[in-house]
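Structure file query19.txt with compact mmCIF, C-alpha atoms and all ligand atoms:
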```txt
# COMPACT_ATOMS: atom_id res chain seq x y z
CA MET G 1 107.92 0.92 192.18
CA LYS G 2 111.66 0.40 192.73
CA VAL G 3 113.84 0.66 189.63
CA ILE G 4 117.58 1.19 189.34
CA ALA G 5 118.23 2.49 185.82
CA ILE G 6 121.60 1.74 184.19
CA ASP G 7 122.13 3.37 180.80
CA GLY G 8 125.13 3.85 178.55
CA PRO G 9 126.67 3.12 175.15
CA ALA G 10 127.71 -0.30 173.80
CA ALA G 11 130.29 -2.23 175.89
CA SER G 12 130.29 0.34 178.70
CA GLY G 13 129.69 -2.61 181.04
CA LYS G 14 125.91 -2.37 181.52
CA SER G 15 125.06 -6.10 181.32
CA SER G 16 127.92 -7.37 183.47
CA VAL G 17 127.41 -4.66 186.08
CA SER G 18 123.59 -4.74 186.15
CA SER G 19 123.35 -8.52 186.48
CA GLN G 20 125.95 -8.56 189.31
CA LEU G 21 124.32 -5.64 191.07
CA ALA G 22 120.86 -7.26 190.84
CA LYS G 23 122.21 -10.53 192.33
CA ARG G 24 123.94 -8.72 195.16
CA ILE G 25 120.87 -6.78 196.25
CA GLY G 26 118.21 -9.41 195.39
CA PHE G 27 116.47 -7.42 192.64
CA ALA G 28 115.38 -8.89 189.30
CA TYR G 29 117.57 -8.05 186.29
CA VAL G 30 116.15 -6.75 183.02
CA ASN G 31 118.22 -6.34 179.86
CA SER G 32 116.07 -4.04 177.71
CA GLY G 33 118.55 -4.32 174.83
CA PHE G 34 117.55 -7.98 174.49
CA MET G 35 114.01 -6.86 173.75
CA TYR G 36 115.16 -4.60 170.91
CA ARG G 37 117.44 -7.38 169.69
CA ALA G 38 114.62 -9.96 169.83
CA VAL G 39 112.27 -7.76 167.81
CA THR G 40 115.05 -7.16 165.26
CA TRP G 41 115.72 -10.91 165.07
CA GLU G 42 112.03 -11.56 164.39
CA ILE G 43 111.85 -8.89 161.66
CA LEU G 44 114.92 -10.39 159.96
CA ARG G 45 113.45 -13.90 160.36
CA GLN G 46 110.33 -12.73 158.52
CA GLY G 47 112.57 -11.37 155.74
CA ALA G 48 111.13 -7.87 156.26
CA ARG G 49 113.07 -4.66 155.64
CA THR G 50 114.54 -2.90 158.66
CA ASP G 51 115.05 0.41 156.86
CA SER G 52 111.35 1.11 156.37
CA GLU G 53 109.17 2.09 159.30
CA GLU G 54 106.05 0.63 157.65
CA SER G 55 107.72 -2.70 157.05
CA VAL G 56 109.03 -2.88 160.64
CA ILE G 57 105.59 -2.11 162.09
CA ALA G 58 103.86 -4.62 159.78
CA ALA G 59 106.34 -7.35 160.77
CA LEU G 60 105.83 -6.54 164.44
CA ALA G 61 102.05 -6.83 164.06
CA ARG G 62 102.49 -10.38 162.71
CA ALA G 63 104.49 -11.50 165.78
CA ASP G 64 103.17 -12.69 169.13
CA ILE G 65 105.47 -11.15 171.73
CA SER G 66 105.41 -11.44 175.52
CA CYS G 67 107.91 -10.91 178.33
CA GLY G 68 108.24 -11.56 182.04
CA ILE G 69 110.61 -12.29 184.90
CA GLY G 70 111.79 -15.93 185.14
CA PRO G 71 112.34 -17.96 188.34
CA ASP G 72 116.05 -17.04 188.06
CA GLN G 73 115.03 -13.37 188.55
CA VAL G 74 116.12 -12.54 185.00
CA SER G 75 113.77 -11.16 182.35
CA PHE G 76 112.84 -13.25 179.32
CA LEU G 77 111.09 -12.53 176.07
CA ARG G 78 109.07 -14.97 174.02
CA ILE G 79 108.29 -14.50 170.32
CA ASN G 80 105.79 -16.92 168.79
CA ASN G 81 106.61 -19.32 171.66
CA GLU G 82 110.33 -19.21 171.02
CA ILE G 83 112.97 -17.68 173.30
CA PRO G 84 115.59 -16.47 170.79
CA ASP G 85 118.49 -16.13 173.28
CA ALA G 86 121.41 -17.54 171.31
CA ALA G 87 120.72 -15.55 168.13
CA LEU G 88 120.39 -12.18 169.82
CA LYS G 89 124.05 -11.23 169.69
CA ASP G 90 124.70 -12.32 166.11
CA SER G 91 126.22 -9.90 163.67
CA GLU G 92 123.07 -9.53 161.53
CA VAL G 93 121.15 -8.40 164.62
CA ASN G 94 124.01 -6.05 165.60
CA ARG G 95 123.90 -4.53 162.13
CA HIS G 96 120.15 -3.83 162.08
CA VAL G 97 119.13 -3.27 165.71
CA SER G 98 119.70 0.50 165.84
CA GLN G 99 117.52 1.03 162.77
CA VAL G 100 114.68 -0.98 164.29
CA SER G 101 115.09 0.75 167.67
CA ALA G 102 114.65 4.17 166.07
CA VAL G 103 111.04 3.36 165.09
CA PRO G 104 108.69 5.04 167.61
CA GLY G 105 106.10 2.21 167.38
CA VAL G 106 108.76 -0.32 168.42
CA ARG G 107 109.88 1.87 171.32
CA ASN G 108 106.30 2.38 172.55
CA LEU G 109 105.62 -1.34 172.56
CA ILE G 110 108.84 -2.27 174.37
CA SER G 111 108.66 0.65 176.83
CA SER G 112 105.18 -0.33 177.98
CA SER G 113 106.27 -3.96 178.47
CA LEU G 114 109.26 -2.72 180.49
CA ARG G 115 107.03 -0.55 182.68
CA ALA G 116 104.74 -3.51 183.35
CA LEU G 117 107.71 -5.53 184.66
CA ALA G 118 108.26 -2.98 187.43
CA GLU G 119 104.87 -3.89 188.92
CA VAL G 120 106.14 -7.40 189.66
CA GLY G 121 108.93 -6.29 192.03
CA PRO G 122 112.16 -4.29 192.35
CA LEU G 123 114.35 -4.21 189.24
CA VAL G 124 117.76 -3.32 187.95
CA MET G 125 117.09 -2.39 184.32
CA GLU G 126 119.77 -1.58 181.75
CA GLY G 127 119.41 0.11 178.38
CA ARG G 128 119.73 3.43 176.58
CA ASP G 129 116.67 5.38 177.72
CA ILE G 130 115.67 3.77 181.03
CA GLY G 131 116.44 6.85 183.14
CA THR G 132 115.38 9.38 180.50
CA ALA G 133 112.22 7.89 178.98
CA VAL G 134 111.06 4.58 180.47
CA PHE G 135 111.33 5.46 184.18
CA PRO G 136 112.16 9.20 184.26
CA GLU G 137 110.62 9.33 187.76
CA THR G 138 113.10 6.92 189.36
CA PRO G 139 115.66 8.73 191.51
CA PHE G 140 118.17 5.88 191.02
CA LYS G 141 119.91 6.52 187.69
CA PHE G 142 123.39 5.60 186.55
CA TYR G 143 125.10 6.25 183.23
CA LEU G 144 128.09 4.01 182.51
CA ASP G 145 130.68 5.16 180.02
CA ALA G 146 134.19 4.21 178.84
CA SER G 147 136.45 5.50 176.09
CA PRO G 148 135.49 4.41 172.55
CA GLU G 149 138.83 2.56 172.21
CA ILE G 150 138.31 0.54 175.38
CA ARG G 151 134.73 -0.28 174.45
CA GLN G 152 135.76 -1.45 170.97
CA GLN G 153 138.55 -3.58 172.52
CA ARG G 154 136.11 -5.15 174.98
CA ARG G 155 133.70 -6.12 172.17
CA GLU G 156 136.51 -7.47 169.99
CA ALA G 157 137.74 -9.59 172.90
CA GLU G 158 134.30 -11.22 172.97
CA GLY G 159 134.55 -12.17 169.26
CA GLY G 160 131.83 -11.53 166.65
CA ALA G 161 131.30 -8.50 164.45
CA ASP G 162 129.86 -5.38 166.05
CA GLN G 163 130.31 -1.86 164.67
CA ILE G 164 129.71 -0.19 167.99
CA ALA G 165 130.65 3.31 166.85
CA ALA G 166 127.95 3.16 164.16
CA ARG G 167 125.37 1.93 166.67
CA ASP G 168 126.32 4.61 169.19
CA GLN G 169 125.98 7.28 166.52
CA MET G 170 122.51 6.08 165.47
CA ASP G 171 121.35 5.54 169.06
CA SER G 172 122.44 9.04 170.11
CA SER G 173 121.05 10.88 167.10
CA ARG G 174 117.61 9.33 166.68
CA LYS G 175 114.54 11.47 167.43
CA ALA G 176 112.72 8.99 169.69
CA ALA G 177 114.32 8.60 173.15
CA PRO G 178 117.97 8.94 172.06
CA LEU G 179 120.88 7.77 174.19
CA LYS G 180 121.80 10.69 176.44
CA ILE G 181 122.78 11.32 180.04
CA ALA G 182 119.78 12.07 182.26
CA ALA G 183 120.27 15.38 184.11
CA ASP G 184 120.05 13.56 187.46
CA ALA G 185 122.15 10.49 186.53
CA HIS G 186 125.32 9.51 188.37
CA VAL G 187 127.98 9.02 185.64
CA VAL G 188 130.56 6.25 186.19
CA ASP G 189 133.58 6.02 183.88
CA THR G 190 134.26 2.26 183.77
CA SER G 191 137.38 2.49 181.54
CA LEU G 192 139.81 1.63 184.32
CA LEU G 193 137.50 -0.21 186.71
CA THR G 194 136.73 -3.90 187.10
CA ILE G 195 133.10 -5.03 187.01
CA ASP G 196 133.12 -5.45 190.81
CA GLY G 197 134.66 -1.98 191.11
CA VAL G 198 131.75 -0.46 189.17
CA VAL G 199 129.17 -2.40 191.22
CA ASP G 200 130.85 -1.17 194.42
CA ALA G 201 130.76 2.46 193.20
CA ILE G 202 127.03 2.12 192.49
CA LEU G 203 126.40 0.56 195.91
CA VAL G 204 128.29 3.40 197.62
CA SER G 205 125.88 5.83 195.97
CA LEU G 206 122.75 3.74 196.72
CA ARG G 207 123.33 2.67 200.36
CA PRO G 208 122.78 6.06 202.03
CA ARG G 209 119.57 6.47 200.04
CA GLY G 210 117.84 3.51 201.70
CA ILE G 211 117.02 1.48 198.59
CA VAL G 212 119.48 -1.34 199.32
CA PRO G 213 120.55 -2.93 202.64
CA LYS G 214 123.50 -1.13 204.33
O1 LIG G 301 125.04 -4.70 174.86
P1 LIG G 301 125.03 -3.50 173.96
O2 LIG G 301 125.18 -2.24 174.74
O3 LIG G 301 125.98 -3.58 172.84
O4 LIG G 301 123.62 -3.45 173.25
P2 LIG G 301 122.17 -3.72 173.86
O5 LIG G 301 122.01 -3.10 175.20
O6 LIG G 301 121.89 -5.17 173.73
O7 LIG G 301 121.26 -2.89 172.86
C1 LIG G 301 121.20 -3.19 171.48
C2 LIG G 301 120.55 -2.01 170.77
O8 LIG G 301 119.19 -1.90 171.21
C3 LIG G 301 121.16 -0.65 171.02
O9 LIG G 301 122.24 -0.37 170.14
C4 LIG G 301 119.97 0.28 170.76
O10 LIG G 301 119.78 0.51 169.38
C5 LIG G 301 118.78 -0.55 171.26
N1 LIG G 301 118.32 -0.19 172.59
C6 LIG G 301 117.53 0.92 172.74
O11 LIG G 301 117.29 1.63 171.75
N2 LIG G 301 116.99 1.25 173.94
C7 LIG G 301 117.23 0.49 175.02
N3 LIG G 301 116.67 0.82 176.19
C8 LIG G 301 118.08 -0.63 174.91
C9 LIG G 301 118.63 -0.94 173.68
O1 LIG G 302 126.17 -4.37 178.30
P1 LIG G 302 127.31 -3.60 177.68
O2 LIG G 302 127.37 -3.76 176.20
O3 LIG G 302 127.34 -2.16 178.11
O4 LIG G 302 128.68 -4.19 178.27
P2 LIG G 302 129.01 -5.69 178.79
O5 LIG G 302 128.46 -6.67 177.82
O6 LIG G 302 128.63 -5.82 180.23
O7 LIG G 302 130.59 -5.63 178.76
C1 LIG G 302 131.32 -5.80 177.55
C2 LIG G 302 132.59 -6.55 177.86
O8 LIG G 302 133.46 -5.72 178.62
C3 LIG G 302 132.37 -7.82 178.68
O9 LIG G 302 133.19 -8.84 178.13
C4 LIG G 302 132.83 -7.45 180.06
O10 LIG G 302 133.38 -8.54 180.76
C5 LIG G 302 133.89 -6.39 179.79
N1 LIG G 302 133.99 -5.39 180.86
C6 LIG G 302 135.21 -5.13 181.44
O11 LIG G 302 136.19 -5.75 181.06
N2 LIG G 302 135.33 -4.21 182.47
C7 LIG G 302 134.29 -3.52 182.90
N3 LIG G 302 134.43 -2.62 183.87
C8 LIG G 302 133.03 -3.76 182.29
C9 LIG G 302 132.91 -4.70 181.26
```

As structure tokens:
Amino acid sequence: MKVIAIDGPAASGKSSVSSQLAKRIGFAYVNSGFMYRAVTWEILRQGARTDSEESVIAALARADISCGIGPDQVSFLRINNEIPDAALKDSEVNRHVSQVSAVPGVRNLISSSLRALAEVGPLVMEGRDIGTAVFPETPFKFYLDASPEIRQQRREAEGGADQIAARDQMDSSRKAAPLKIAADAHVVDTSLLTIDGVVDAILVSLRPRGIVPK
């Protein structure tokens, strides 16, 4: 099993950095946040409540969910034969995703699907709990951060409504696998770095450890 775990709060640069890093080293790229977003999208589509654990679990039981790695070396998730890519970043999903992600039954389901993906081949996986809870045994852990102001500016520049401070607060304070820095993670402050600059910093840390070509 070869997994590079990239965790951090919203707009710290996880997706941009992880997808670039994966391309550069020939690993598959997995965005675990998309899985939480897809489940949230499905629960909203069913018209179920996101603030009740029972209702979330019941909605999940009615959905047929599967995931895998596509030929482009990027993970995908299918719900009832649909791939809900475009809708995943919409503001309704942003507003409800942290509530849904706090439900232990949702986390168990997604975490076991994520672990299964690592059997297919080497991965760069981004999320909130990849280094702390999904693959605590991987020695390759990074935690990306940036100041709250810069992260808010980055999200605003992308358009769309996203209360990232509220999501960060819920993600860090939940009981089940909260967002936190793993004791053995390498922390990278991305506030003043370009995406390539962050990827380079990660590669500098990985190369001497033999997991990526020199
Ligand atoms: O891209 P951004 O950082 O804004 O969000 P994301 O990675 O797409 O994750 C969306 C939400 O899913 C987060 O706010 C968390 O509530 C949840 N999530 C999680 O709980 N655990 C993960 N490993 C990944 C995401
Ligand atoms: O996945 P996460 O929410 O952590 O962040 P992202 O979606 O990769 O990045 C959020 C936005 O910040 C994107 O528009 C990136 O292009 C931008 N970004 C940046 O300007 N500088 C960085 N070092 C990292 C990301």

Shell around G:Val74 at 10 Å using only C-alpha atoms, local window under 5 positions removed, as a list in words =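 Close residues of G:Val74: Ser19, Ala22, Lys23, Phe27, Ala28, Tyr29, Val30, Asn31, Gly68, Ile69, Leu123 and Val124 of chain G.
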
Produce as an mmCIF file with C-alpha atoms, in the frame of the given file the set of residues near ligand LIG 302 (chain G), where near means within 7 Å with all atoms listed in the file considered.
```cif
data_model
loop_
_atom_site.group_PDB
_atom_site.id
_atom_site.type_symbol
_atom_site.label_atom_id
_atom_site.label_comp_id
_atom_site.auth_asym_id
_atom_site.auth_seq_id
_atom_site.Cartn_x
_atom_site.Cartn_y
_atom_site.Cartn_z
ATOM 1 C CA GLY G 8 125.130 3.850 178.550
ATOM 2 C CA PRO G 9 126.670 3.120 175.150
ATOM 3 C CA ALA G 10 127.710 -0.300 173.800
ATOM 4 C CA ALA G 11 130.290 -2.230 175.890
ATOM 5 C CA SER G 12 130.290 0.340 178.700
ATOM 6 C CA GLY G 13 129.690 -2.610 181.040
ATOM 7 C CA LYS G 14 125.910 -2.370 181.520
ATOM 8 C CA SER G 15 125.060 -6.100 181.320
ATOM 9 C CA SER G 16 127.920 -7.370 183.470
ATOM 10 C CA VAL G 17 127.410 -4.660 186.080
ATOM 11 C CA ARG G 151 134.730 -0.280 174.450
ATOM 12 C CA ARG G 154 136.110 -5.150 174.980
ATOM 13 C CA ARG G 155 133.700 -6.120 172.170
ATOM 14 C CA ALA G 157 137.740 -9.590 172.900
ATOM 15 C CA GLU G 158 134.300 -11.220 172.970
ATOM 16 C CA THR G 190 134.260 2.260 183.770
ATOM 17 C CA SER G 191 137.380 2.490 181.540
ATOM 18 C CA LEU G 192 139.810 1.630 184.320
ATOM 19 C CA LEU G 193 137.500 -0.210 186.710
ATOM 20 C CA THR G 194 136.730 -3.900 187.100
ATOM 21 C CA ILE G 195 133.100 -5.030 187.010
ATOM 22 C CA VAL G 198 131.750 -0.460 189.170
#
```

key: Best match for closeness to G:Val134 among G:Pro148, G:Gly160, G:Pro178, G:Gly121, counting only C-alpha atoms   =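 Nearest to G:Val134: G:Pro178.
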
key: Env. residues ligand LIG 301 (chain G) / 6 Å / all atoms listed in the file / as a ChimeraX atom specification   = /G:9-11,32-34,36-37,97-98,101,127-130,167,171

message = What's the separation between atom CA of G:Phe76 and atom CA of G:Val103, in Å to one decimal place?
response =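 Straight-line distance from atom CA of G:Phe76 to atom CA of G:Val103 works out to 21.9 Å.
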
task = Please measure the separation of atom CA of G:Lys141 and atom CA of G:Leu21, giving the value in Å to one decimal.
result = 13.4 Å

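Atom to atom, atom CA of G:Thr50 and atom CA of G:Asn94 stand 12.2 Å apart.
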
ask   = Hey, what's within 10 Å of G:Leu203 if we count only C-alpha atoms and toss same-chain stuff fewer than 3 positions away? As a list of chain:residue names, please?
value =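 Surrounding residues, per the criterion: G:Leu21, G:Arg24, G:Ile25, G:Gly197, G:Val198, G:Val199, G:Asp200, G:Leu206, G:Arg207, G:Pro208, G:Arg209, G:Ile211, G:Val212, G:Pro213, G:Lys214.
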
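Distance annotation: of G:Val3, G:Ile164, G:Ile57, G:Ala133, the residue with the minimal separation from G:Ser112 is G:Ala133; atom set is only C-alpha atoms.
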
key: Non-local contacts of stretch 78-91 of chain G (8 Å; only C-alpha atoms; under 6 positions in same chain excluded) as a list in words   =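 Result of the neighbour search: Phe34, Arg37, Ala38, Trp41, Glu42, Ala63, Asp64, Ile65, Ser66, Cys67, Gly160, Ala161 and Asp162 of chain G.
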
query = So which one's closest to G:Leu144, G:Ala118, G:Ala61, G:Met35, G:Ala5? Using all atoms listed in the file, please.
reply =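 Counting all atoms listed in the file, the residue closest to G:Leu144 is G:Ala5.
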